[in-house]
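The file query.txt contains compact mmCIF, C-alpha atoms:
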```
# COMPACT_ATOMS: atom_id res chain seq x y z
CA MET A 38 -12.96 -28.07 -44.85
CA MET A 39 -15.03 -29.16 -47.84
CA LEU A 40 -17.76 -30.46 -45.52
CA VAL A 41 -17.61 -27.50 -43.17
CA GLU A 42 -17.86 -25.03 -46.03
CA ARG A 43 -20.27 -27.30 -47.97
CA ARG A 44 -18.18 -27.28 -51.16
CA GLU A 45 -19.50 -30.46 -52.73
CA GLU A 46 -18.26 -29.36 -56.16
CA ASP A 47 -14.69 -29.93 -54.89
CA LEU A 48 -15.31 -33.57 -53.94
CA ASP A 49 -14.77 -35.07 -57.39
CA SER A 50 -11.52 -33.20 -58.00
CA TRP A 51 -10.27 -34.17 -54.52
CA LEU A 52 -11.07 -37.84 -55.18
CA THR A 53 -9.18 -37.69 -58.47
CA GLN A 54 -6.14 -36.12 -56.77
CA ALA A 55 -6.31 -38.69 -53.97
CA GLN A 56 -6.39 -41.60 -56.44
CA ARG A 57 -3.29 -40.21 -58.18
CA SER A 58 -1.37 -39.60 -54.97
CA GLY A 59 1.52 -41.81 -54.00
CA LEU A 60 0.06 -42.49 -50.57
CA PRO A 61 -1.66 -45.88 -50.27
CA GLU A 62 -3.72 -44.77 -47.26
CA VAL A 63 -5.14 -41.79 -49.14
CA LYS A 64 -5.88 -43.94 -52.18
CA LYS A 65 -7.71 -46.46 -50.01
CA MET A 66 -9.76 -43.72 -48.35
CA ALA A 67 -10.72 -42.29 -51.75
CA GLN A 68 -11.70 -45.76 -52.93
CA GLY A 69 -13.93 -46.19 -49.86
CA ILE A 70 -15.57 -42.81 -50.49
CA ARG A 71 -16.26 -43.79 -54.08
CA GLN A 72 -17.92 -47.03 -52.92
CA ASP A 73 -20.37 -45.01 -50.81
CA TYR A 74 -20.40 -41.95 -53.05
CA ALA A 75 -24.12 -41.20 -52.77
CA ALA A 76 -24.01 -41.07 -48.96
CA VAL A 77 -20.88 -38.91 -48.93
CA LYS A 78 -22.39 -36.54 -51.49
CA ALA A 79 -25.58 -36.32 -49.40
CA ALA A 80 -23.52 -35.34 -46.34
CA PHE A 81 -22.74 -32.02 -48.01
CA SER A 82 -26.39 -31.02 -48.21
CA SER A 83 -27.60 -32.49 -44.91
CA GLU A 84 -28.03 -30.26 -41.89
CA TRP A 85 -27.64 -33.26 -39.58
CA SER A 86 -24.35 -34.56 -38.20
CA ASN A 87 -23.49 -37.45 -35.90
CA GLY A 88 -20.13 -35.96 -34.99
CA GLN A 89 -21.11 -35.18 -31.42
CA VAL A 90 -22.43 -38.72 -30.90
CA GLU A 91 -19.25 -40.24 -32.33
CA ALA A 92 -17.14 -38.08 -30.02
CA GLN A 93 -19.11 -39.25 -26.99
CA VAL A 94 -18.81 -42.92 -28.02
CA ASN A 95 -15.07 -42.50 -28.56
CA CYS A 96 -14.72 -40.95 -25.11
CA LEU A 97 -16.70 -43.78 -23.49
CA LYS A 98 -14.55 -46.43 -25.16
CA ARG A 99 -11.30 -44.66 -24.32
CA LYS A 100 -11.87 -44.55 -20.56
CA PRO A 101 -11.85 -48.35 -19.97
CA ARG A 102 -8.83 -48.68 -22.26
CA ILE A 103 -6.93 -46.20 -20.13
CA VAL A 104 -8.01 -47.83 -16.88
CA PHE A 105 -7.04 -51.31 -18.02
CA GLY A 106 -3.80 -50.19 -19.73
CA ARG A 107 -4.87 -50.88 -23.29
CA ALA A 108 -4.60 -47.36 -24.63
CA ASN A 109 -0.89 -47.02 -25.30
CA PHE A 110 0.65 -46.45 -28.72
CA ASP A 111 2.43 -49.83 -28.88
CA LEU A 112 -0.85 -51.73 -28.82
CA THR A 113 -2.41 -49.44 -31.40
CA ARG A 114 0.53 -49.97 -33.72
CA ALA A 115 0.49 -53.74 -33.16
CA ALA A 116 -3.15 -53.87 -34.26
CA ARG A 117 -2.29 -52.48 -37.71
CA PRO A 118 0.01 -54.10 -40.23
CA VAL A 119 3.28 -52.28 -40.70
CA THR A 120 4.52 -51.75 -44.25
CA GLY A 121 7.88 -50.65 -45.52
CA VAL A 122 11.49 -51.46 -44.74
CA ASP A 123 11.08 -51.02 -41.00
CA ALA A 124 8.53 -53.85 -40.73
CA PRO A 125 9.47 -56.23 -37.90
CA MET A 126 9.87 -59.89 -38.73
CA ASN A 127 7.52 -62.33 -37.07
CA ARG A 128 9.44 -64.87 -35.00
CA TYR A 129 7.13 -67.61 -33.87
```
For the structure just supplied, provide its representation as structure tokens.
Amino acid sequence: MMLVERREEDLDSWLTQAQRSGLPEVKKMAQGIRQDYAAVKAAFSSEWSNGQVEAQVNCLKRKPRIVFGRANFDLTRAARPVTGVDAPMNRY
């Protein structure tokens, strides 16, 4: 909503809250935003967006995955490391 409503003054406070959160994924995202801070800050004032292009690319990539059976949740989960107590043990 910050981008939609162009509230760039809220970005710094959000990044601070994200860094202090207990969620590693949110912390990592905030860290990535800080690494490219100038570009993210510029996105608030820019009238241009590549959202429509990204949606079209995502749709184009999804279709072959569905056709060839590579779009199910199990494969998506296998591509990312699992953390926590429910992590499966590798048995090779």
Next item on the list: Pick out the residues sitting within 12 Å of range 48-63 of chain A, and hand them over as a ChimeraX atom specification; count only C-alpha atoms, and ignore anything fewer than 4 positions along from it in its own chain.
Entry: /A:38-40,42-44,67-72,74-75,77-81,120-121
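The two atoms in question, CA of Ala76 in chain A and CA of Glu45 in chain A, are spaced 12.1 Å apart.
Of the residues listed (A:Pro101, A:Asp73, A:Ser82, A:Ala92), A:Ser82 shows the shortest atom-to-atom separation from Glu46 in chain A; distances use all atoms listed in the file.
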